[in-house]
$ cat start_33.cif   # mmCIF, N, CA, C and O atoms
data_protein
loop_
_atom_site.label_atom_id
_atom_site.label_comp_id
_atom_site.auth_asym_id
_atom_site.auth_seq_id
_atom_site.Cartn_x
_atom_site.Cartn_y
_atom_site.Cartn_z
N ALA A 1 -30.97 -9.21 -8.41
CA ALA A 1 -31.11 -9.43 -6.99
C ALA A 1 -31.64 -10.85 -6.72
O ALA A 1 -31.19 -11.52 -5.81
N LYS A 2 -32.59 -11.27 -7.53
CA LYS A 2 -33.18 -12.59 -7.34
C LYS A 2 -32.12 -13.69 -7.51
O LYS A 2 -32.06 -14.63 -6.73
N LEU A 3 -31.25 -13.55 -8.53
CA LEU A 3 -30.21 -14.55 -8.77
C LEU A 3 -29.23 -14.66 -7.61
O LEU A 3 -28.72 -15.74 -7.32
N SER A 4 -28.96 -13.54 -6.95
CA SER A 4 -27.99 -13.55 -5.85
C SER A 4 -28.64 -13.81 -4.49
O SER A 4 -27.94 -13.90 -3.49
N GLY A 5 -29.97 -13.89 -4.48
CA GLY A 5 -30.65 -14.14 -3.22
C GLY A 5 -30.70 -12.92 -2.32
O GLY A 5 -30.84 -13.04 -1.10
N LYS A 6 -30.58 -11.73 -2.90
CA LYS A 6 -30.58 -10.48 -2.13
C LYS A 6 -31.86 -9.70 -2.42
O LYS A 6 -32.53 -9.92 -3.43
N ASP A 7 -32.17 -8.76 -1.55
CA ASP A 7 -33.34 -7.91 -1.75
C ASP A 7 -33.12 -6.90 -2.87
O ASP A 7 -34.04 -6.54 -3.59
N MET A 8 -31.87 -6.41 -2.98
CA MET A 8 -31.56 -5.44 -4.03
C MET A 8 -30.06 -5.48 -4.32
O MET A 8 -29.28 -5.97 -3.51
N VAL A 9 -29.68 -4.98 -5.48
CA VAL A 9 -28.28 -4.87 -5.86
C VAL A 9 -28.04 -3.50 -6.48
O VAL A 9 -28.99 -2.83 -6.90
N ILE A 10 -26.78 -3.08 -6.54
CA ILE A 10 -26.41 -1.83 -7.20
C ILE A 10 -25.41 -2.20 -8.29
O ILE A 10 -24.24 -2.42 -7.99
N PRO A 11 -25.84 -2.29 -9.54
CA PRO A 11 -24.90 -2.62 -10.62
C PRO A 11 -23.86 -1.52 -10.81
O PRO A 11 -24.19 -0.34 -10.71
N MET A 12 -22.63 -1.91 -11.05
CA MET A 12 -21.52 -0.96 -11.26
C MET A 12 -20.78 -1.34 -12.53
O MET A 12 -20.72 -2.51 -12.90
N ASN A 13 -20.20 -0.34 -13.18
CA ASN A 13 -19.38 -0.64 -14.35
C ASN A 13 -17.92 -0.24 -14.15
O ASN A 13 -17.12 -0.37 -15.05
N THR A 14 -17.57 0.25 -12.94
CA THR A 14 -16.18 0.57 -12.65
C THR A 14 -15.86 0.18 -11.21
O THR A 14 -16.75 0.16 -10.35
N GLY A 15 -14.59 -0.07 -10.96
CA GLY A 15 -14.16 -0.34 -9.60
C GLY A 15 -14.31 0.87 -8.70
O GLY A 15 -14.71 0.77 -7.54
N THR A 16 -14.01 2.06 -9.24
CA THR A 16 -14.15 3.29 -8.46
C THR A 16 -15.60 3.49 -8.04
O THR A 16 -15.88 3.85 -6.90
N GLY A 17 -16.52 3.25 -8.97
CA GLY A 17 -17.94 3.38 -8.64
C GLY A 17 -18.35 2.42 -7.55
O GLY A 17 -19.14 2.76 -6.65
N ALA A 18 -17.82 1.22 -7.60
CA ALA A 18 -18.13 0.22 -6.57
C ALA A 18 -17.59 0.66 -5.21
O ALA A 18 -18.27 0.54 -4.19
N VAL A 19 -16.36 1.19 -5.18
CA VAL A 19 -15.77 1.65 -3.92
C VAL A 19 -16.56 2.84 -3.37
O VAL A 19 -16.89 2.89 -2.19
N GLU A 20 -16.90 3.80 -4.24
CA GLU A 20 -17.68 4.96 -3.80
C GLU A 20 -19.03 4.51 -3.24
O GLU A 20 -19.48 5.01 -2.22
N SER A 21 -19.69 3.58 -3.91
CA SER A 21 -20.97 3.08 -3.43
C SER A 21 -20.80 2.36 -2.09
O SER A 21 -21.63 2.51 -1.19
N GLY A 22 -19.73 1.60 -1.95
CA GLY A 22 -19.45 0.93 -0.68
C GLY A 22 -19.26 1.92 0.45
O GLY A 22 -19.74 1.71 1.57
N ILE A 23 -18.55 3.01 0.18
CA ILE A 23 -18.35 4.06 1.19
C ILE A 23 -19.70 4.66 1.59
O ILE A 23 -19.99 4.84 2.77
N LYS A 24 -20.54 4.95 0.60
CA LYS A 24 -21.86 5.52 0.89
C LYS A 24 -22.72 4.56 1.71
O LYS A 24 -23.36 4.96 2.68
N VAL A 25 -22.74 3.30 1.30
CA VAL A 25 -23.55 2.31 2.02
C VAL A 25 -23.04 2.15 3.46
O VAL A 25 -23.82 2.11 4.41
N ALA A 26 -21.72 2.09 3.63
CA ALA A 26 -21.15 1.92 4.97
C ALA A 26 -21.47 3.11 5.86
O ALA A 26 -21.86 2.95 7.02
N ARG A 27 -21.33 4.31 5.32
CA ARG A 27 -21.64 5.50 6.12
C ARG A 27 -23.13 5.57 6.45
O ARG A 27 -23.50 5.88 7.57
N ALA A 28 -23.98 5.29 5.46
CA ALA A 28 -25.43 5.31 5.71
C ALA A 28 -25.79 4.31 6.80
O ALA A 28 -26.57 4.62 7.72
N TRP A 29 -25.23 3.10 6.73
CA TRP A 29 -25.48 2.09 7.76
C TRP A 29 -25.00 2.59 9.12
O TRP A 29 -25.69 2.44 10.13
N GLY A 30 -23.82 3.19 9.14
CA GLY A 30 -23.27 3.68 10.40
C GLY A 30 -24.16 4.72 11.06
O GLY A 30 -24.40 4.68 12.27
N TYR A 31 -24.67 5.65 10.26
CA TYR A 31 -25.53 6.70 10.82
C TYR A 31 -26.93 6.20 11.13
O TYR A 31 -27.48 6.52 12.18
N ARG A 32 -27.50 5.42 10.24
CA ARG A 32 -28.91 5.01 10.39
C ARG A 32 -29.10 3.80 11.30
O ARG A 32 -30.11 3.70 11.98
N VAL A 33 -28.17 2.86 11.28
CA VAL A 33 -28.35 1.61 12.02
C VAL A 33 -27.45 1.55 13.27
O VAL A 33 -27.92 1.27 14.37
N LYS A 34 -26.17 1.80 13.08
CA LYS A 34 -25.24 1.69 14.20
C LYS A 34 -25.37 2.84 15.19
O LYS A 34 -25.02 2.71 16.35
N GLY A 35 -25.86 3.99 14.71
CA GLY A 35 -26.04 5.13 15.59
C GLY A 35 -24.83 6.02 15.75
O GLY A 35 -24.70 6.73 16.75
N VAL A 36 -23.92 6.02 14.77
CA VAL A 36 -22.76 6.91 14.81
C VAL A 36 -23.26 8.35 14.72
O VAL A 36 -24.16 8.66 13.94
N GLY A 37 -22.68 9.23 15.51
CA GLY A 37 -23.08 10.64 15.51
C GLY A 37 -22.78 11.31 14.18
O GLY A 37 -21.85 10.91 13.47
N PRO A 38 -23.54 12.34 13.84
CA PRO A 38 -23.37 13.03 12.55
C PRO A 38 -21.92 13.49 12.32
O PRO A 38 -21.31 14.11 13.18
N GLY A 39 -21.38 13.12 11.16
CA GLY A 39 -20.03 13.52 10.78
C GLY A 39 -18.91 12.74 11.43
O GLY A 39 -17.74 13.08 11.26
N ASN A 40 -19.24 11.69 12.19
CA ASN A 40 -18.20 10.96 12.93
C ASN A 40 -17.82 9.61 12.35
O ASN A 40 -16.92 8.95 12.87
N ALA A 41 -18.49 9.15 11.29
CA ALA A 41 -18.17 7.84 10.72
C ALA A 41 -16.75 7.83 10.17
O ALA A 41 -16.30 8.79 9.56
N ASN A 42 -16.03 6.74 10.43
CA ASN A 42 -14.69 6.60 9.86
C ASN A 42 -14.55 5.23 9.21
O ASN A 42 -15.26 4.29 9.55
N ILE A 43 -13.65 5.18 8.25
CA ILE A 43 -13.35 3.96 7.50
C ILE A 43 -11.84 3.77 7.54
O ILE A 43 -11.09 4.68 7.21
N SER A 44 -11.40 2.59 7.96
CA SER A 44 -9.98 2.28 7.98
C SER A 44 -9.58 1.74 6.61
O SER A 44 -10.27 0.90 6.05
N VAL A 45 -8.47 2.25 6.08
CA VAL A 45 -7.98 1.84 4.77
C VAL A 45 -6.53 1.39 4.88
O VAL A 45 -5.79 1.85 5.73
N ALA A 46 -6.14 0.47 4.01
CA ALA A 46 -4.76 -0.03 4.00
C ALA A 46 -3.90 0.84 3.10
O ALA A 46 -4.29 1.15 1.97
N GLU A 47 -2.74 1.24 3.59
CA GLU A 47 -1.80 2.01 2.79
C GLU A 47 -1.35 1.18 1.59
O GLU A 47 -1.24 -0.04 1.69
N GLY A 48 -1.12 1.84 0.48
CA GLY A 48 -0.64 1.17 -0.72
C GLY A 48 -1.75 0.69 -1.63
O GLY A 48 -1.48 0.19 -2.71
N SER A 49 -3.00 0.86 -1.20
CA SER A 49 -4.12 0.41 -2.03
C SER A 49 -4.41 1.41 -3.14
O SER A 49 -4.15 2.59 -3.01
N PHE A 50 -4.98 0.92 -4.21
CA PHE A 50 -5.45 1.78 -5.30
C PHE A 50 -6.90 1.42 -5.57
O PHE A 50 -7.21 0.28 -5.89
N HIS A 51 -7.79 2.40 -5.42
CA HIS A 51 -9.21 2.14 -5.61
C HIS A 51 -9.81 2.98 -6.74
O HIS A 51 -10.97 2.81 -7.06
N GLY A 52 -9.04 3.90 -7.30
CA GLY A 52 -9.56 4.72 -8.40
C GLY A 52 -9.04 6.13 -8.34
O GLY A 52 -8.11 6.44 -7.60
N ARG A 53 -9.66 7.02 -9.12
CA ARG A 53 -9.15 8.38 -9.28
C ARG A 53 -10.12 9.49 -8.90
O ARG A 53 -9.85 10.65 -9.15
N THR A 54 -11.27 9.19 -8.30
CA THR A 54 -12.15 10.26 -7.85
C THR A 54 -11.58 10.90 -6.59
O THR A 54 -10.73 10.29 -5.92
N ILE A 55 -12.02 12.10 -6.25
CA ILE A 55 -11.46 12.82 -5.11
C ILE A 55 -11.59 12.03 -3.80
O ILE A 55 -10.60 11.88 -3.08
N PRO A 56 -12.77 11.50 -3.45
CA PRO A 56 -12.83 10.76 -2.18
C PRO A 56 -11.93 9.52 -2.18
O PRO A 56 -11.29 9.21 -1.17
N VAL A 57 -11.85 8.84 -3.31
CA VAL A 57 -11.07 7.60 -3.37
C VAL A 57 -9.56 7.91 -3.39
O VAL A 57 -8.79 7.23 -2.73
N VAL A 58 -9.15 8.95 -4.11
CA VAL A 58 -7.74 9.36 -4.09
C VAL A 58 -7.38 9.84 -2.69
O VAL A 58 -6.27 9.62 -2.21
N GLY A 59 -8.34 10.45 -2.01
CA GLY A 59 -8.10 10.95 -0.66
C GLY A 59 -7.78 9.87 0.34
O GLY A 59 -7.09 10.12 1.32
N CYS A 60 -8.27 8.67 0.11
CA CYS A 60 -7.95 7.58 1.05
C CYS A 60 -6.73 6.79 0.57
O CYS A 60 -6.37 5.80 1.17
N SER A 61 -6.08 7.27 -0.48
CA SER A 61 -4.86 6.66 -0.99
C SER A 61 -3.65 7.20 -0.24
O SER A 61 -3.67 8.31 0.27
N SER A 62 -2.58 6.43 -0.20
CA SER A 62 -1.34 6.90 0.41
C SER A 62 -0.31 7.28 -0.65
O SER A 62 0.82 7.64 -0.32
N ASP A 63 -0.68 7.24 -1.93
CA ASP A 63 0.24 7.54 -3.03
C ASP A 63 0.35 9.06 -3.21
O ASP A 63 -0.60 9.71 -3.64
N PRO A 64 1.53 9.63 -2.89
CA PRO A 64 1.66 11.09 -2.99
C PRO A 64 1.49 11.61 -4.42
O PRO A 64 1.01 12.71 -4.62
N VAL A 65 1.84 10.82 -5.41
CA VAL A 65 1.68 11.25 -6.80
C VAL A 65 0.20 11.34 -7.17
O VAL A 65 -0.24 12.30 -7.80
N ALA A 66 -0.60 10.38 -6.73
CA ALA A 66 -2.03 10.40 -7.01
C ALA A 66 -2.73 11.53 -6.26
O ALA A 66 -3.71 12.09 -6.75
N ARG A 67 -2.24 11.89 -5.09
CA ARG A 67 -2.87 12.89 -4.24
C ARG A 67 -2.45 14.33 -4.57
O ARG A 67 -3.24 15.25 -4.37
N ARG A 68 -1.23 14.50 -5.05
CA ARG A 68 -0.65 15.83 -5.23
C ARG A 68 -1.54 16.73 -6.10
O ARG A 68 -1.88 16.40 -7.22
N GLY A 69 -1.92 17.87 -5.53
CA GLY A 69 -2.66 18.88 -6.27
C GLY A 69 -4.17 18.68 -6.32
O GLY A 69 -4.85 19.40 -7.04
N PHE A 70 -4.71 17.72 -5.53
CA PHE A 70 -6.14 17.45 -5.61
C PHE A 70 -6.90 17.70 -4.30
O PHE A 70 -8.11 17.53 -4.26
N GLY A 71 -6.21 18.07 -3.22
CA GLY A 71 -6.89 18.29 -1.95
C GLY A 71 -7.70 19.58 -1.96
O GLY A 71 -7.64 20.34 -2.92
N PRO A 72 -8.50 19.83 -0.97
CA PRO A 72 -8.68 19.01 0.23
C PRO A 72 -9.49 17.76 -0.06
O PRO A 72 -10.26 17.72 -1.02
N PHE A 73 -9.29 16.76 0.76
CA PHE A 73 -9.93 15.47 0.54
C PHE A 73 -11.08 15.23 1.53
O PHE A 73 -11.19 15.90 2.55
N THR A 74 -11.89 14.26 1.20
CA THR A 74 -13.01 13.87 2.05
C THR A 74 -12.48 13.33 3.37
O THR A 74 -11.62 12.45 3.38
N PRO A 75 -12.98 13.84 4.49
CA PRO A 75 -12.51 13.34 5.79
C PRO A 75 -13.12 11.98 6.12
O PRO A 75 -14.01 11.50 5.44
N GLY A 76 -12.61 11.38 7.19
CA GLY A 76 -13.20 10.16 7.71
C GLY A 76 -12.48 8.88 7.34
O GLY A 76 -13.03 7.80 7.51
N PHE A 77 -11.24 8.99 6.84
CA PHE A 77 -10.46 7.80 6.50
C PHE A 77 -9.25 7.72 7.41
O PHE A 77 -8.59 8.72 7.67
N ARG A 78 -8.94 6.50 7.88
CA ARG A 78 -7.77 6.25 8.71
C ARG A 78 -6.87 5.26 8.00
O ARG A 78 -7.29 4.14 7.73
N SER A 79 -5.65 5.67 7.70
CA SER A 79 -4.71 4.79 7.00
C SER A 79 -3.94 3.93 7.98
O SER A 79 -3.49 4.40 9.02
N VAL A 80 -3.79 2.67 7.60
CA VAL A 80 -3.06 1.69 8.41
C VAL A 80 -2.08 0.98 7.47
O VAL A 80 -2.45 0.67 6.34
N PRO A 81 -0.85 0.73 7.89
CA PRO A 81 0.07 -0.01 7.03
C PRO A 81 -0.53 -1.36 6.61
O PRO A 81 -1.13 -2.07 7.42
N TYR A 82 -0.37 -1.70 5.34
CA TYR A 82 -0.90 -2.96 4.81
C TYR A 82 -0.29 -4.13 5.58
O TYR A 82 0.91 -4.19 5.81
N GLY A 83 -1.13 -5.05 6.01
CA GLY A 83 -0.67 -6.24 6.72
C GLY A 83 -0.46 -6.06 8.21
O GLY A 83 -0.08 -7.00 8.90
N ASP A 84 -0.72 -4.85 8.73
CA ASP A 84 -0.52 -4.57 10.16
C ASP A 84 -1.83 -4.82 10.91
O ASP A 84 -2.64 -3.90 11.11
N ALA A 85 -2.06 -6.06 11.32
CA ALA A 85 -3.30 -6.43 11.99
C ALA A 85 -3.48 -5.66 13.30
O ALA A 85 -4.59 -5.21 13.61
N ALA A 86 -2.41 -5.48 14.06
CA ALA A 86 -2.51 -4.75 15.33
C ALA A 86 -2.84 -3.28 15.07
O ALA A 86 -3.65 -2.69 15.79
N GLY A 87 -2.24 -2.70 14.04
CA GLY A 87 -2.55 -1.31 13.67
C GLY A 87 -3.99 -1.16 13.22
O GLY A 87 -4.65 -0.17 13.56
N LEU A 88 -4.48 -2.13 12.46
CA LEU A 88 -5.87 -2.10 12.03
C LEU A 88 -6.81 -2.20 13.24
O LEU A 88 -7.76 -1.43 13.36
N GLU A 89 -6.51 -3.11 14.12
CA GLU A 89 -7.34 -3.26 15.32
C GLU A 89 -7.36 -1.97 16.13
O GLU A 89 -8.42 -1.56 16.63
N ALA A 90 -6.21 -1.30 16.24
CA ALA A 90 -6.13 -0.05 17.00
C ALA A 90 -6.90 1.08 16.33
O ALA A 90 -7.40 1.99 17.00
N ALA A 91 -7.03 1.03 15.00
CA ALA A 91 -7.72 2.09 14.26
C ALA A 91 -9.24 1.96 14.33
O ALA A 91 -9.97 2.91 14.07
N ILE A 92 -9.73 0.78 14.69
CA ILE A 92 -11.18 0.54 14.74
C ILE A 92 -11.72 0.98 16.09
O ILE A 92 -11.20 0.59 17.13
N ASP A 93 -12.77 1.81 16.04
CA ASP A 93 -13.41 2.24 17.27
C ASP A 93 -14.93 2.24 17.10
O ASP A 93 -15.44 1.70 16.10
N GLU A 94 -15.64 2.84 18.04
CA GLU A 94 -17.11 2.81 18.00
C GLU A 94 -17.70 3.55 16.81
O GLU A 94 -18.86 3.36 16.47
N ASN A 95 -16.91 4.40 16.15
CA ASN A 95 -17.39 5.14 14.99
C ASN A 95 -16.95 4.54 13.65
O ASN A 95 -17.20 5.12 12.60
N THR A 96 -16.26 3.40 13.69
CA THR A 96 -15.82 2.75 12.46
C THR A 96 -17.01 2.07 11.80
O THR A 96 -17.74 1.32 12.43
N VAL A 97 -17.18 2.37 10.51
CA VAL A 97 -18.30 1.79 9.76
C VAL A 97 -17.84 0.80 8.70
O VAL A 97 -18.66 0.05 8.16
N ALA A 98 -16.54 0.76 8.40
CA ALA A 98 -16.03 -0.18 7.40
C ALA A 98 -14.51 -0.24 7.45
O ALA A 98 -13.85 0.65 7.98
N VAL A 99 -14.00 -1.32 6.88
CA VAL A 99 -12.57 -1.48 6.63
C VAL A 99 -12.43 -1.74 5.14
O VAL A 99 -13.09 -2.62 4.60
N LEU A 100 -11.61 -0.93 4.48
CA LEU A 100 -11.44 -1.03 3.03
C LEU A 100 -10.02 -1.47 2.72
O LEU A 100 -9.06 -0.75 2.99
N ILE A 101 -9.88 -2.71 2.22
CA ILE A 101 -8.56 -3.27 1.95
C ILE A 101 -8.54 -3.84 0.54
O ILE A 101 -9.45 -4.55 0.14
N GLU A 102 -7.49 -3.53 -0.18
CA GLU A 102 -7.26 -4.11 -1.50
C GLU A 102 -6.31 -5.29 -1.29
O GLU A 102 -5.15 -5.11 -0.95
N PRO A 103 -6.80 -6.54 -1.45
CA PRO A 103 -5.95 -7.69 -1.11
C PRO A 103 -4.73 -7.83 -2.00
O PRO A 103 -3.72 -8.35 -1.56
N ILE A 104 -4.80 -7.38 -3.24
CA ILE A 104 -3.64 -7.40 -4.13
C ILE A 104 -3.23 -5.95 -4.34
O ILE A 104 -3.93 -5.19 -4.99
N GLN A 105 -2.09 -5.59 -3.75
CA GLN A 105 -1.63 -4.21 -3.79
C GLN A 105 -1.11 -3.82 -5.17
O GLN A 105 -0.45 -4.60 -5.83
N GLY A 106 -1.42 -2.62 -5.59
CA GLY A 106 -0.87 -2.11 -6.85
C GLY A 106 -1.94 -1.54 -7.73
O GLY A 106 -3.13 -1.73 -7.54
N GLU A 107 -1.48 -0.80 -8.72
CA GLU A 107 -2.41 -0.12 -9.62
C GLU A 107 -2.68 -0.98 -10.83
O GLU A 107 -1.85 -1.34 -11.58
#

$ encode --input "start_33.cif" --output "structure tokens"
Amino acid sequence: AKLSGKDMVIPMNTGTGAVESGIKVARAWGYRVKGVGPGNANISVAEGSFHGRTIPVVGCSSDPVARRGFGPFTPGFRSVPYGDAAGLEAAIDENTVAVLIEPIQGE
């Protein structure tokens, strides 16, 4: 934390762990700081992204092969076509706590 000039850090050894931690931090911030009502936090995600293989992360994927046979999934994700800025803007509302985009698409 000292090297990065931050108060604290969360070390990760996988990309999936980092994404899951980001989801947790975003939701916690939304409920505790932004004032989002209980169970209402949402995160906008870009279609075509790959963030890992855990249930919550596969749940925000648009890949039918990765999703098949693993539901029900964690609620609170809104999928938007990759590169659709207007669609992303439309998906963001007062309960949005994060936008999760993989800049380089693919597994």

$ resolve_selection --input "start_33.cif" --expression "the PyMOL selection byres ((chain A and resi 81-93) around 6)" --output "number ranges by chain"
A: 45-47, 79-80, 94-97

$ closest_residue --input "start_33.cif" --among "A:Tyr31, A:Ile43, A:Thr14, A:Gly5" --to "Pro75 (chain A)" --atoms "only N, CA, C and O atoms"
A:Ile43

$ select_by_dssp --input "start_33.cif" --residues "chain A" --states "strand (DSSP E or B)" --output "number ranges by chain"
A: 42-46, 77-80, 96-100

$ write_last_selection --input "start_33.cif" --atoms "N, CA, C and O atoms" --output "short mmCIF file (atom, residue, chain, number, x, y, z; two decimals), in the coordinates of the input"
data_model
loop_
_atom_site.label_atom_id
_atom_site.label_comp_id
_atom_site.auth_asym_id
_atom_site.auth_seq_id
_atom_site.Cartn_x
_atom_site.Cartn_y
_atom_site.Cartn_z
N ASN A 42 -16.03 6.74 10.43
CA ASN A 42 -14.69 6.60 9.86
C ASN A 42 -14.55 5.23 9.21
O ASN A 42 -15.26 4.29 9.55
N ILE A 43 -13.65 5.18 8.25
CA ILE A 43 -13.35 3.96 7.50
C ILE A 43 -11.84 3.77 7.54
O ILE A 43 -11.09 4.68 7.21
N SER A 44 -11.40 2.59 7.96
CA SER A 44 -9.98 2.28 7.98
C SER A 44 -9.58 1.74 6.61
O SER A 44 -10.27 0.90 6.05
N VAL A 45 -8.47 2.25 6.08
CA VAL A 45 -7.98 1.84 4.77
C VAL A 45 -6.53 1.39 4.88
O VAL A 45 -5.79 1.85 5.73
N ALA A 46 -6.14 0.47 4.01
CA ALA A 46 -4.76 -0.03 4.00
C ALA A 46 -3.90 0.84 3.10
O ALA A 46 -4.29 1.15 1.97
N PHE A 77 -11.24 8.99 6.84
CA PHE A 77 -10.46 7.80 6.50
C PHE A 77 -9.25 7.72 7.41
O PHE A 77 -8.59 8.72 7.67
N ARG A 78 -8.94 6.50 7.88
CA ARG A 78 -7.77 6.25 8.71
C ARG A 78 -6.87 5.26 8.00
O ARG A 78 -7.29 4.14 7.73
N SER A 79 -5.65 5.67 7.70
CA SER A 79 -4.71 4.79 7.00
C SER A 79 -3.94 3.93 7.98
O SER A 79 -3.49 4.40 9.02
N VAL A 80 -3.79 2.67 7.60
CA VAL A 80 -3.06 1.69 8.41
C VAL A 80 -2.08 0.98 7.47
O VAL A 80 -2.45 0.67 6.34
N THR A 96 -16.26 3.40 13.69
CA THR A 96 -15.82 2.75 12.46
C THR A 96 -17.01 2.07 11.80
O THR A 96 -17.74 1.32 12.43
N VAL A 97 -17.18 2.37 10.51
CA VAL A 97 -18.30 1.79 9.76
C VAL A 97 -17.84 0.80 8.70
O VAL A 97 -18.66 0.05 8.16
N ALA A 98 -16.54 0.76 8.40
CA ALA A 98 -16.03 -0.18 7.40
C ALA A 98 -14.51 -0.24 7.45
O ALA A 98 -13.85 0.65 7.98
N VAL A 99 -14.00 -1.32 6.88
CA VAL A 99 -12.57 -1.48 6.63
C VAL A 99 -12.43 -1.74 5.14
O VAL A 99 -13.09 -2.62 4.60
N LEU A 100 -11.61 -0.93 4.48
CA LEU A 100 -11.44 -1.03 3.03
C LEU A 100 -10.02 -1.47 2.72
O LEU A 100 -9.06 -0.75 2.99
#

$ atom_distance --input "start_33.cif" --atom1 "atom C of Leu100 (chain A)" --atom2 "atom O of Pro11 (chain A)"
19.6 Å

$ closest_residue --input "start_33.cif" --among "A:Asn13, A:Gln105, A:Asn42, A:Ser61" --to "Ala26 (chain A)" --atoms "only C-alpha atoms"
A:Asn42
